[in-house]
Amino acid sequence: MSERLDTILAAARDHATDVVAPNVDTWNAAKAWPRNASDKAGAAGLTGLYAPEEFGGQGLPLSDGIQVYEQLGLGDGAYAFALSMHNICTYAGCGYGTDAFKDAWARNLTSGRKLANFALTEPQSGSDPMKMYTRATINGDGTWTISGAKAWVSLAGEADIYFTVVKTRDAPGHKDMAMIAIPADAAGISFGPMYDTPSYNFLPMSEMYLDNVVVSEDNIILPVGQGFQGSLMAIDIARVSIASGCCGLMQAALDTALSYSKNRKMFGGKNLDLDGIQWMLGGVATDLEASRLLYRKAAAALGTPEGPLMAAHAKRFVPDAAVKAANTCTQVLGGMGLLQPYGLDRLSRLAQMLRIVDGTTEISRVVIGRALQKRAAGLPDLPVPKGFGEMEEDTDPIAAE
Ligand SMILES: Cc1cc2nc3c(=O)[nH]c(=O)nc-3n(C[C@H](O)[C@H](O)[C@H](O)COP(=O)(O)OP(=O)(O)OC[C@H]3O[C@@H](n4cnc5c(N)ncnc54)[C@H](O)[C@@H]3O)c2cc1C
């Protein structure tokens with residue numbers, strides 16, 4: 001492990017244990033993003049992980065930087081998720097933004113003084129982004145006028161800039177999509193009522209409305225034709241980041257269960273002395289090791305042809321393992337596992353949220369299923385008995401009904 005990575009992982013762990021974990025319940029009750037905390041994350045180098053050093057970033061490769069969320073996930077999975085989205089936008093802006101954009105925003109983003117988020121989802125298009133309609137019209141002077149509505153925008157009203165995916169034509173398809181960074185203070189941008197998410201209410205989320213918002217062409221991050229592919233790459237990074245954050249969550253759940261069960265007296269010994277309890281927690285520990293290996297392999301594959309499939313494997317497996325881990329650890333504490341101070345109920349809700357965001361478990365299965373179909377096409381044919389391989393029209397039971 002490089003010295004730089006060591007340092008940043010230690011900073012992330014300190015941030016999670018000193019700043020996030022002790023305060024997350026208070027933040028939740030206040031229903032407000034802890035800007036002081038994200039300022040501290042910025043000062044600790046956690047808001048410019050993949051951005052080049054010339055812009056104040058850490059210059060880490062994706063495969064290294066993504067491990068930061070495992071540390072942040074020890075504190076809170078939703079907080080880790082929000083910083084991961086900021087880092088992905090910062091990476092895109094510093095890598096693909098115009099020189100004018102970089103001059104205006106790069107250092108503000110890498111330092112965490114300004115926060116960014118990604119706006120792709122729309123009310124009618126979640127799993128199926130091809131159904132999005134937010135529309136940008138390119139004006140004669142090069143400016144863009146954007147109208148539409150985005151949904152599930154994290155850091156809504158809190159971020160300073162929104163990396164927004166738009167269509168530039170009415171025709172269906174993705175070839176006309178682009179990504180443009182819309183500053184929060186642009187005229188015509190507004191937000192709907194905040195969603196009520198009891199376990200992570202400190203992360204503001206709502207719909208975002210764009211009513212003839214005019215943005216300079218300096219803010220084009222991905223030009224027409226590259227918006228969709230670029231978004232898919234961003235989502236792959238996000239999927240692996242979520243898997244990394246889930247490992248922190250699983251570790252936090254496991255450690256809570258161990259810390260309790262080693263002291264809970266029963267049947268003349270301790271809860272942790274029971275074989276059944278050891279087997280339950282042993283299963284969590286194995287799932288955690290497997291999850292770590294998987295997300296790190298997926299992180300190393302990002303940017304290669306294997307990246308999307310490996311990201312789907314990680315996003316399919318790890319949040320499911322995290323849900324199971326949080327529930328198992330709750331069970332180990334018995335009734336106490338349900339009570340607020342232990343935080344396990346919150347971990348269960350967070351893990352479930354992480355199954356949904358940035359591509360659900362089912363969408364990951366779709367990606368994996370398509371890869372399996374491709375693999376099957378390249379395999380030798382095994383003979384299929386007559387009647388098993390073909391459906392003759394007159395024997396099709398559905399057609400016959
Ligand atoms: C906490 C949180 C934060 C978010 N933050 C952001 C953000 O900052 N920016 C942003 O752009 N988006 C954000 N999202 C949106 C998120 O990415 C979407 O919620 C997600 O893509 C799923 O879309 P949906 O909620 O519309 O579900 P739907 O698309 O309506 O899916 C409903 C159900 O159908 C299933 N399904 C869909 N297709 C298939 C299929 N082919 N086969 C089997 N089942 C299928 C899904 O898995 C799901 O179970 C956020 C979501 C959450 C929960």
# chains A, B, ... in the order shown; residues from 1 in each chain; ligands from 1

$ residues_near_ligand --ligand "ligand 1" --cutoff "7 Å" --atoms "only C-alpha atoms and all ligand atoms" --output "number ranges by chain"
A: 117-121, 123-128, 151-154, 205, 353, 356-363, 366

$ write_last_selection --atoms "N, CA and C atoms" --output "PDB file, in the first residue's frame"
ATOM      1  N   ASN A 117     -22.996  17.336  -6.736  1.00  0.00           N
ATOM      2  CA  ASN A 117     -23.707  16.055  -6.828  1.00  0.00           C
ATOM      3  C   ASN A 117     -24.150  15.822  -8.268  1.00  0.00           C
ATOM      4  N   PHE A 118     -24.650  14.596  -8.473  1.00  0.00           N
ATOM      5  CA  PHE A 118     -24.945  14.073  -9.799  1.00  0.00           C
ATOM      6  C   PHE A 118     -26.460  13.964  -9.924  1.00  0.00           C
ATOM      7  N   ALA A 119     -27.041  14.487 -10.996  1.00  0.00           N
ATOM      8  CA  ALA A 119     -28.495  14.437 -11.173  1.00  0.00           C
ATOM      9  C   ALA A 119     -28.815  13.749 -12.494  1.00  0.00           C
ATOM     10  N   LEU A 120     -29.187  12.481 -12.390  1.00  0.00           N
ATOM     11  CA  LEU A 120     -29.568  11.681 -13.562  1.00  0.00           C
ATOM     12  C   LEU A 120     -31.035  11.264 -13.457  1.00  0.00           C
ATOM     13  N   THR A 121     -31.404  10.713 -12.294  1.00  0.00           N
ATOM     14  CA  THR A 121     -32.741  10.132 -12.105  1.00  0.00           C
ATOM     15  C   THR A 121     -33.833  11.183 -12.304  1.00  0.00           C
ATOM     16  N   PRO A 123     -38.411  11.553 -12.198  1.00  0.00           N
ATOM     17  CA  PRO A 123     -39.548  10.844 -11.604  1.00  0.00           C
ATOM     18  C   PRO A 123     -39.956   9.612 -12.427  1.00  0.00           C
ATOM     19  N   GLN A 124     -39.933   9.725 -13.739  1.00  0.00           N
ATOM     20  CA  GLN A 124     -40.393   8.608 -14.572  1.00  0.00           C
ATOM     21  C   GLN A 124     -39.229   7.724 -15.036  1.00  0.00           C
ATOM     22  N   SER A 125     -38.012   8.071 -14.692  1.00  0.00           N
ATOM     23  CA  SER A 125     -36.882   7.267 -15.183  1.00  0.00           C
ATOM     24  C   SER A 125     -35.861   7.065 -14.073  1.00  0.00           C
ATOM     25  N   GLY A 126     -35.958   5.901 -13.404  1.00  0.00           N
ATOM     26  CA  GLY A 126     -34.981   5.518 -12.393  1.00  0.00           C
ATOM     27  C   GLY A 126     -34.086   4.447 -12.972  1.00  0.00           C
ATOM     28  N   SER A 127     -34.566   3.196 -12.916  1.00  0.00           N
ATOM     29  CA  SER A 127     -33.771   2.099 -13.476  1.00  0.00           C
ATOM     30  C   SER A 127     -33.614   2.228 -14.989  1.00  0.00           C
ATOM     31  N   ASP A 128     -34.518   2.944 -15.614  1.00  0.00           N
ATOM     32  CA  ASP A 128     -34.512   3.048 -17.087  1.00  0.00           C
ATOM     33  C   ASP A 128     -34.191   4.489 -17.514  1.00  0.00           C
ATOM     34  N   ALA A 151     -35.209  13.729 -10.019  1.00  0.00           N
ATOM     35  CA  ALA A 151     -35.729  13.189  -8.757  1.00  0.00           C
ATOM     36  C   ALA A 151     -34.583  12.579  -7.953  1.00  0.00           C
ATOM     37  N   TRP A 152     -34.814  12.397  -6.671  1.00  0.00           N
ATOM     38  CA  TRP A 152     -33.828  11.758  -5.798  1.00  0.00           C
ATOM     39  C   TRP A 152     -32.477  12.446  -5.878  1.00  0.00           C
ATOM     40  N   VAL A 153     -32.488  13.765  -5.926  1.00  0.00           N
ATOM     41  CA  VAL A 153     -31.219  14.494  -5.984  1.00  0.00           C
ATOM     42  C   VAL A 153     -30.666  14.584  -4.561  1.00  0.00           C
ATOM     43  N   SER A 154     -29.525  13.931  -4.349  1.00  0.00           N
ATOM     44  CA  SER A 154     -28.898  13.995  -3.018  1.00  0.00           C
ATOM     45  C   SER A 154     -28.182  15.332  -2.869  1.00  0.00           C
ATOM     46  N   MET A 205     -32.548  15.325   0.331  1.00  0.00           N
ATOM     47  CA  MET A 205     -32.880  14.733  -0.975  1.00  0.00           C
ATOM     48  C   MET A 205     -34.245  15.240  -1.398  1.00  0.00           C
ATOM     49  N   MET A 353     -31.121   0.869   1.852  1.00  0.00           N
ATOM     50  CA  MET A 353     -31.026   2.023   0.946  1.00  0.00           C
ATOM     51  C   MET A 353     -29.896   1.802  -0.079  1.00  0.00           C
ATOM     52  N   ILE A 356     -30.549   0.002  -3.222  1.00  0.00           N
ATOM     53  CA  ILE A 356     -31.369   0.662  -4.245  1.00  0.00           C
ATOM     54  C   ILE A 356     -30.586   1.705  -5.030  1.00  0.00           C
ATOM     55  N   VAL A 357     -29.855   2.540  -4.312  1.00  0.00           N
ATOM     56  CA  VAL A 357     -29.257   3.709  -4.959  1.00  0.00           C
ATOM     57  C   VAL A 357     -28.178   3.309  -5.987  1.00  0.00           C
ATOM     58  N   ASP A 358     -28.090   4.106  -7.039  1.00  0.00           N
ATOM     59  CA  ASP A 358     -27.094   3.914  -8.107  1.00  0.00           C
ATOM     60  C   ASP A 358     -27.216   2.569  -8.811  1.00  0.00           C
ATOM     61  N   GLY A 359     -28.453   2.145  -9.023  1.00  0.00           N
ATOM     62  CA  GLY A 359     -28.697   0.876  -9.711  1.00  0.00           C
ATOM     63  C   GLY A 359     -29.041  -0.185  -8.695  1.00  0.00           C
ATOM     64  N   THR A 360     -30.284  -0.661  -8.763  1.00  0.00           N
ATOM     65  CA  THR A 360     -30.751  -1.626  -7.755  1.00  0.00           C
ATOM     66  C   THR A 360     -30.055  -2.978  -7.939  1.00  0.00           C
ATOM     67  N   THR A 361     -30.251  -3.818  -6.933  1.00  0.00           N
ATOM     68  CA  THR A 361     -29.722  -5.192  -7.004  1.00  0.00           C
ATOM     69  C   THR A 361     -30.230  -5.879  -8.273  1.00  0.00           C
ATOM     70  N   GLU A 362     -31.493  -5.626  -8.599  1.00  0.00           N
ATOM     71  CA  GLU A 362     -32.093  -6.308  -9.760  1.00  0.00           C
ATOM     72  C   GLU A 362     -31.439  -5.825 -11.052  1.00  0.00           C
ATOM     73  N   ILE A 363     -31.121  -4.534 -11.124  1.00  0.00           N
ATOM     74  CA  ILE A 363     -30.460  -4.031 -12.340  1.00  0.00           C
ATOM     75  C   ILE A 363     -29.058  -4.642 -12.460  1.00  0.00           C
ATOM     76  N   VAL A 366     -29.489  -7.845 -14.009  1.00  0.00           N
ATOM     77  CA  VAL A 366     -29.724  -7.724 -15.457  1.00  0.00           C
ATOM     78  C   VAL A 366     -28.365  -7.644 -16.181  1.00  0.00           C
TER      79      VAL A 366
END

$ residues_around --residues "Val165 in chain A" --least-positions-apart "5" --cutoff "7 Å" --atoms "only C-alpha atoms" --output "list in words"
Ala119, Leu120, Met177, Ala178, Met179, Ile180 and Gly227 of chain A

$ write_last_selection --atoms "C-alpha atoms" --output "mmCIF file, in the first residue's frame"
data_model
loop_
_atom_site.group_PDB
_atom_site.id
_atom_site.type_symbol
_atom_site.label_atom_id
_atom_site.label_comp_id
_atom_site.auth_asym_id
_atom_site.auth_seq_id
_atom_site.Cartn_x
_atom_site.Cartn_y
_atom_site.Cartn_z
ATOM 1 C CA ALA A 119 -28.495 14.437 -11.173
ATOM 2 C CA LEU A 120 -29.568 11.681 -13.562
ATOM 3 C CA MET A 177 -27.293 13.095 -24.144
ATOM 4 C CA ALA A 178 -24.766 15.406 -22.498
ATOM 5 C CA MET A 179 -23.691 16.290 -18.976
ATOM 6 C CA ILE A 180 -23.663 19.901 -17.872
ATOM 7 C CA GLY A 227 -23.400 12.092 -21.705
#

$ atom_distance --atom1 "CA of Cys329 in chain A" --atom2 "CA of Asn201 in chain A"
23.2 Å

$ closest_residue --among "A:Arg264, A:Arg355, A:Arg349, A:Lys102" --to "Val318 in chain A" --atoms "only C-alpha atoms"
A:Arg355

$ closest_residue --among "A:Asp170, A:Glu207, A:Glu53, A:Asp39" --to "Leu83 in chain A" --atoms "only C-alpha atoms"
A:Asp39

$ closest_residue --among "A:Leu62, A:Val166, A:Leu333, A:Leu254" --to "Asn271 in chain A" --atoms "only C-alpha atoms"
A:Leu333

$ select_by_dssp --residues "range 110-344 of chain A" --states "strand (DSSP E or B)" --output "PyMOL selection string"
chain A and resi 116-119+122+125+135-138+144-154+161-167+178-183+189-191+205-215+220-222+265-266+269-270

$ write_last_selection --atoms "C-alpha atoms" --output "CSV table (one decimal), in the first residue's frame"
chain,number,residue,atom,x,y,z
A,116,ALA,CA,-21.1,18.7,-6.0
A,117,ASN,CA,-23.7,16.1,-6.8
A,118,PHE,CA,-24.9,14.1,-9.8
A,119,ALA,CA,-28.5,14.4,-11.2
A,122,GLU,CA,-36.1,11.6,-13.0
A,125,SER,CA,-36.9,7.3,-15.2
A,135,ARG,CA,-34.0,18.9,-22.3
A,136,ALA,CA,-31.2,21.3,-23.1
A,137,THR,CA,-31.5,23.7,-26.1
A,138,ILE,CA,-28.3,25.0,-27.4
A,144,TRP,CA,-27.6,26.2,-23.0
A,145,THR,CA,-31.2,26.6,-21.8
A,146,ILE,CA,-32.3,23.6,-19.7
A,147,SER,CA,-35.8,22.7,-18.5
A,148,GLY,CA,-37.0,19.5,-16.8
A,149,ALA,CA,-37.3,17.8,-13.4
A,150,LYS,CA,-34.8,15.5,-11.7
A,151,ALA,CA,-35.7,13.2,-8.8
A,152,TRP,CA,-33.8,11.8,-5.8
A,153,VAL,CA,-31.2,14.5,-6.0
A,154,SER,CA,-28.9,14.0,-3.0
A,161,ILE,CA,-23.2,22.6,-8.3
A,162,TYR,CA,-25.2,19.7,-9.9
A,163,PHE,CA,-23.7,17.5,-12.7
A,164,THR,CA,-26.9,17.1,-14.7
A,165,VAL,CA,-27.5,14.7,-17.5
A,166,VAL,CA,-29.7,16.2,-20.3
A,167,LYS,CA,-31.1,15.3,-23.6
A,178,ALA,CA,-24.8,15.4,-22.5
A,179,MET,CA,-23.7,16.3,-19.0
A,180,ILE,CA,-23.7,19.9,-17.9
A,181,ALA,CA,-22.7,21.3,-14.5
A,182,ILE,CA,-25.5,23.6,-13.2
A,183,PRO,CA,-24.5,26.0,-10.4
A,189,ILE,CA,-33.4,26.2,-10.4
A,190,SER,CA,-35.6,25.1,-7.4
A,191,PHE,CA,-36.2,22.1,-5.2
A,205,MET,CA,-32.9,14.7,-1.0
A,206,SER,CA,-35.7,16.0,-3.2
A,207,GLU,CA,-36.8,16.7,-6.7
A,208,MET,CA,-34.9,19.4,-8.6
A,209,TYR,CA,-36.8,21.6,-11.1
A,210,LEU,CA,-35.1,23.4,-13.9
A,211,ASP,CA,-37.2,26.1,-15.5
A,212,ASN,CA,-35.4,27.7,-18.5
A,213,VAL,CA,-32.1,27.7,-16.6
A,214,VAL,CA,-29.3,29.3,-18.8
A,215,VAL,CA,-25.8,27.9,-18.3
A,220,ILE,CA,-20.3,21.4,-20.4
A,221,ILE,CA,-18.6,18.4,-18.7
A,222,LEU,CA,-19.5,15.8,-21.3
A,265,LYS,CA,-24.4,-13.1,30.6
A,266,MET,CA,-26.5,-16.2,29.9
A,269,GLY,CA,-21.4,-18.0,30.5
A,270,LYS,CA,-21.5,-15.2,27.9

$ residues_around --residues "range 282-289 of chain A" --least-positions-apart "4" --cutoff "8 Å" --atoms "only C-alpha atoms" --output "list in words"
Cys247, Met250, Gln251, Leu254, Gln278, Leu293, Ala321, Lys324, Ala325 and Thr328 of chain A

$ select_by_dssp --residues "range 195-324 of chain A" --states "alpha helix (DSSP H)" --output "ChimeraX atom specification"
/A:227-261,275-301,307-324

$ write_last_selection --atoms "C-alpha atoms" --output "JSON list (two decimals), in the first residue's frame"
[["chain", "number", "residue", "atom", "x", "y", "z"],
["A", 227, "GLY", "CA", -23.40, 12.09, -21.71],
["A", 228, "PHE", "CA", -24.83, 8.60, -21.47],
["A", 229, "GLN", "CA", -21.58, 6.63, -21.67],
["A", 230, "GLY", "CA", -19.96, 9.04, -19.20],
["A", 231, "SER", "CA", -22.89, 8.61, -16.81],
["A", 232, "LEU", "CA", -22.57, 4.84, -17.01],
["A", 233, "MET", "CA", -18.89, 5.12, -16.10],
["A", 234, "ALA", "CA", -19.79, 7.41, -13.19],
["A", 235, "ILE", "CA", -22.41, 4.91, -12.04],
["A", 236, "ASP", "CA", -19.94, 2.04, -12.19],
["A", 237, "ILE", "CA", -17.58, 4.00, -9.92],
["A", 238, "ALA", "CA", -20.54, 4.79, -7.65],
["A", 239, "ARG", "CA", -21.57, 1.11, -7.48],
["A", 240, "VAL", "CA", -18.13, 0.00, -6.33],
["A", 241, "SER", "CA", -17.95, 2.93, -3.89],
["A", 242, "ILE", "CA", -21.24, 1.80, -2.37],
["A", 243, "ALA", "CA", -19.90, -1.74, -2.00],
["A", 244, "SER", "CA", -16.85, -0.29, -0.25],
["A", 245, "GLY", "CA", -19.05, 1.77, 2.12],
["A", 246, "CYS", "CA", -21.11, -1.35, 2.84],
["A", 247, "CYS", "CA", -17.98, -3.11, 4.10],
["A", 248, "GLY", "CA", -17.53, -0.34, 6.68],
["A", 249, "LEU", "CA", -21.17, -0.74, 7.64],
["A", 250, "MET", "CA", -20.76, -4.51, 8.05],
["A", 251, "GLN", "CA", -17.65, -4.03, 10.17],
["A", 252, "ALA", "CA", -19.51, -1.53, 12.38],
["A", 253, "ALA", "CA", -22.43, -3.96, 12.81],
["A", 254, "LEU", "CA", -20.11, -6.88, 13.58],
["A", 255, "ASP", "CA", -18.08, -4.89, 16.11],
["A", 256, "THR", "CA", -21.25, -3.70, 17.86],
["A", 257, "ALA", "CA", -22.47, -7.29, 18.14],
["A", 258, "LEU", "CA", -19.10, -8.52, 19.43],
["A", 259, "SER", "CA", -18.77, -5.69, 21.93],
["A", 260, "TYR", "CA", -22.18, -6.54, 23.35],
["A", 261, "SER", "CA", -22.21, -10.32, 23.22],
["A", 275, "ASP", "CA", -21.75, -21.93, 19.33],
["A", 276, "GLY", "CA", -24.89, -20.68, 17.61],
["A", 277, "ILE", "CA", -23.92, -17.04, 18.19],
["A", 278, "GLN", "CA", -20.37, -17.69, 16.96],
["A", 279, "TRP", "CA", -21.75, -19.32, 13.84],
["A", 280, "MET", "CA", -24.03, -16.37, 13.15],
["A", 281, "LEU", "CA", -21.23, -13.84, 13.60],
["A", 282, "GLY", "CA", -18.79, -16.13, 11.78],
["A", 283, "GLY", "CA", -21.10, -15.98, 8.77],
["A", 284, "VAL", "CA", -21.04, -12.18, 8.90],
["A", 285, "ALA", "CA", -17.24, -12.21, 9.15],
["A", 286, "THR", "CA", -16.93, -14.47, 6.09],
["A", 287, "ASP", "CA", -19.35, -12.33, 4.08],
["A", 288, "LEU", "CA", -17.34, -9.26, 5.05],
["A", 289, "GLU", "CA", -14.06, -10.80, 3.85],
["A", 290, "ALA", "CA", -15.69, -11.92, 0.59],
["A", 291, "SER", "CA", -17.23, -8.47, 0.11],
["A", 292, "ARG", "CA", -13.88, -6.74, 0.61],
["A", 293, "LEU", "CA", -12.17, -8.96, -1.94],
["A", 294, "LEU", "CA", -14.99, -8.44, -4.42],
["A", 295, "TYR", "CA", -15.23, -4.66, -4.24],
["A", 296, "ARG", "CA", -11.44, -4.29, -4.43],
["A", 297, "LYS", "CA", -11.30, -6.53, -7.50],
["A", 298, "ALA", "CA", -14.14, -4.51, -9.02],
["A", 299, "ALA", "CA", -12.34, -1.24, -8.20],
["A", 300, "ALA", "CA", -9.21, -2.51, -9.95],
["A", 301, "ALA", "CA", -11.31, -3.38, -13.04],
["A", 307, "GLY", "CA", -15.36, -2.78, -15.21],
["A", 308, "PRO", "CA", -19.15, -2.67, -15.70],
["A", 309, "LEU", "CA", -19.60, -6.39, -15.05],
["A", 310, "MET", "CA", -17.38, -6.38, -11.97],
["A", 311, "ALA", "CA", -19.16, -3.28, -10.65],
["A", 312, "ALA", "CA", -22.46, -5.13, -11.11],
["A", 313, "HIS", "CA", -21.13, -8.18, -9.24],
["A", 314, "ALA", "CA", -20.02, -5.95, -6.36],
["A", 315, "LYS", "CA", -23.28, -3.97, -6.29],
["A", 316, "ARG", "CA", -25.34, -7.15, -6.42],
["A", 317, "PHE", "CA", -23.49, -9.05, -3.72],
["A", 318, "VAL", "CA", -22.21, -6.59, -1.15],
["A", 319, "PRO", "CA", -25.29, -4.53, -0.19],
["A", 320, "ASP", "CA", -27.27, -7.78, 0.13],
["A", 321, "ALA", "CA", -24.53, -9.09, 2.43],
["A", 322, "ALA", "CA", -24.72, -5.83, 4.38],
["A", 323, "VAL", "CA", -28.50, -6.17, 4.88],
["A", 324, "LYS", "CA", -27.97, -9.71, 6.11]]

$ residues_around --residues "Leu5 in chain A" --least-positions-apart "6" --cutoff "8 Å" --atoms "only C-alpha atoms" --output "list of chain:residue names"
A:Leu60, A:Asp64, A:Gly65

$ write_last_selection --atoms "C-alpha atoms" --output "PDB file, in the first residue's frame"
ATOM      1  CA  LEU A  60      -5.257   8.580  -6.223  1.00  0.00           C
ATOM      2  CA  ASP A  64      -7.093   3.080  -4.128  1.00  0.00           C
ATOM      3  CA  GLY A  65      -9.407   6.027  -3.508  1.00  0.00           C
TER       4      GLY A  65
END

$ closest_residue --among "A:Thr304, A:Asn263, A:Asn28, A:Asn87" --to "Asp196 in chain A" --atoms "only C-alpha atoms"
A:Asn28

$ closest_atom_pairs --of "range 41-139 of chain A" --to "range 10-23 of chain A" --cutoff "9 Å" --atoms "only C-alpha atoms" --output "CSV"
residue,atom,partner,partner_atom,distance
A:Ala41,CA,A:His15,CA,6.9
A:Ala44,CA,A:Ala11,CA,6.3
A:Gly45,CA,A:Ala11,CA,8.0
A:Leu46,CA,A:Ala12,CA,7.0
A:Val68,CA,A:Ala12,CA,6.1
A:Tyr69,CA,A:Ala12,CA,7.9
A:Glu70,CA,A:Arg13,CA,8.7
A:Gln71,CA,A:Arg13,CA,4.9
A:Leu72,CA,A:Ala16,CA,5.0
A:Gly73,CA,A:Ala16,CA,7.4
A:Leu74,CA,A:Ala16,CA,6.1
A:Gly75,CA,A:Ala21,CA,4.3
A:Asp76,CA,A:Ala21,CA,6.7
A:Tyr79,CA,A:Val20,CA,8.1

$ write_last_selection --atoms "N, CA and C atoms" --output "PDB file, in the first residue's frame"
ATOM      1  N   ALA A  41     -13.888  17.104   6.319  1.00  0.00           N
ATOM      2  CA  ALA A  41     -13.499  16.053   5.364  1.00  0.00           C
ATOM      3  C   ALA A  41     -12.631  16.663   4.268  1.00  0.00           C
ATOM      4  N   ALA A  44      -9.222  17.267   5.402  1.00  0.00           N
ATOM      5  CA  ALA A  44      -8.485  16.002   5.559  1.00  0.00           C
ATOM      6  C   ALA A  44      -8.161  15.353   4.212  1.00  0.00           C
ATOM      7  N   GLY A  45      -8.533  16.004   3.120  1.00  0.00           N
ATOM      8  CA  GLY A  45      -8.187  15.477   1.789  1.00  0.00           C
ATOM      9  C   GLY A  45      -9.191  14.482   1.242  1.00  0.00           C
ATOM     10  N   LEU A  46     -10.403  14.429   1.829  1.00  0.00           N
ATOM     11  CA  LEU A  46     -11.353  13.377   1.444  1.00  0.00           C
ATOM     12  C   LEU A  46     -12.331  13.820   0.356  1.00  0.00           C
ATOM     13  N   VAL A  68     -11.488   4.450   0.603  1.00  0.00           N
ATOM     14  CA  VAL A  68     -11.830   5.468   1.606  1.00  0.00           C
ATOM     15  C   VAL A  68     -13.254   5.266   2.132  1.00  0.00           C
ATOM     16  N   TYR A  69     -14.165   4.793   1.267  1.00  0.00           N
ATOM     17  CA  TYR A  69     -15.570   4.692   1.704  1.00  0.00           C
ATOM     18  C   TYR A  69     -15.779   3.545   2.686  1.00  0.00           C
ATOM     19  N   GLU A  70     -14.875   2.560   2.642  1.00  0.00           N
ATOM     20  CA  GLU A  70     -14.950   1.500   3.644  1.00  0.00           C
ATOM     21  C   GLU A  70     -14.701   2.104   5.029  1.00  0.00           C
ATOM     22  N   GLN A  71     -13.747   3.026   5.084  1.00  0.00           N
ATOM     23  CA  GLN A  71     -13.461   3.692   6.367  1.00  0.00           C
ATOM     24  C   GLN A  71     -14.610   4.612   6.756  1.00  0.00           C
ATOM     25  N   LEU A  72     -15.098   5.404   5.794  1.00  0.00           N
ATOM     26  CA  LEU A  72     -16.196   6.335   6.114  1.00  0.00           C
ATOM     27  C   LEU A  72     -17.461   5.572   6.497  1.00  0.00           C
ATOM     28  N   GLY A  73     -17.649   4.391   5.888  1.00  0.00           N
ATOM     29  CA  GLY A  73     -18.828   3.577   6.186  1.00  0.00           C
ATOM     30  C   GLY A  73     -18.853   3.090   7.631  1.00  0.00           C
ATOM     31  N   LEU A  74     -17.695   3.103   8.289  1.00  0.00           N
ATOM     32  CA  LEU A  74     -17.673   2.762   9.722  1.00  0.00           C
ATOM     33  C   LEU A  74     -18.475   3.794  10.501  1.00  0.00           C
ATOM     34  N   GLY A  75     -18.503   5.029   9.966  1.00  0.00           N
ATOM     35  CA  GLY A  75     -19.238   6.106  10.631  1.00  0.00           C
ATOM     36  C   GLY A  75     -20.684   6.147  10.170  1.00  0.00           C
ATOM     37  N   ASP A  76     -20.885   6.244   8.852  1.00  0.00           N
ATOM     38  CA  ASP A  76     -22.252   6.257   8.316  1.00  0.00           C
ATOM     39  C   ASP A  76     -22.238   6.041   6.803  1.00  0.00           C
ATOM     40  N   TYR A  79     -23.513   9.137   4.617  1.00  0.00           N
ATOM     41  CA  TYR A  79     -22.475  10.187   4.565  1.00  0.00           C
ATOM     42  C   TYR A  79     -21.390   9.758   3.570  1.00  0.00           C
TER      43      TYR A  79
END

$ closest_residue --among "A:Gly77, A:Gly389, A:Pro383, A:Gly173" --to "Val24 in chain A" --atoms "only C-alpha atoms"
A:Gly77

$ residues_around --residues "Ala51 in chain A" --least-positions-apart "3" --cutoff "7 Å" --atoms "only C-alpha atoms" --output "list in words"
Gly48, Phe55, Gly57, Gln58, Gly59, Thr90, Tyr91 and Cys94 of chain A
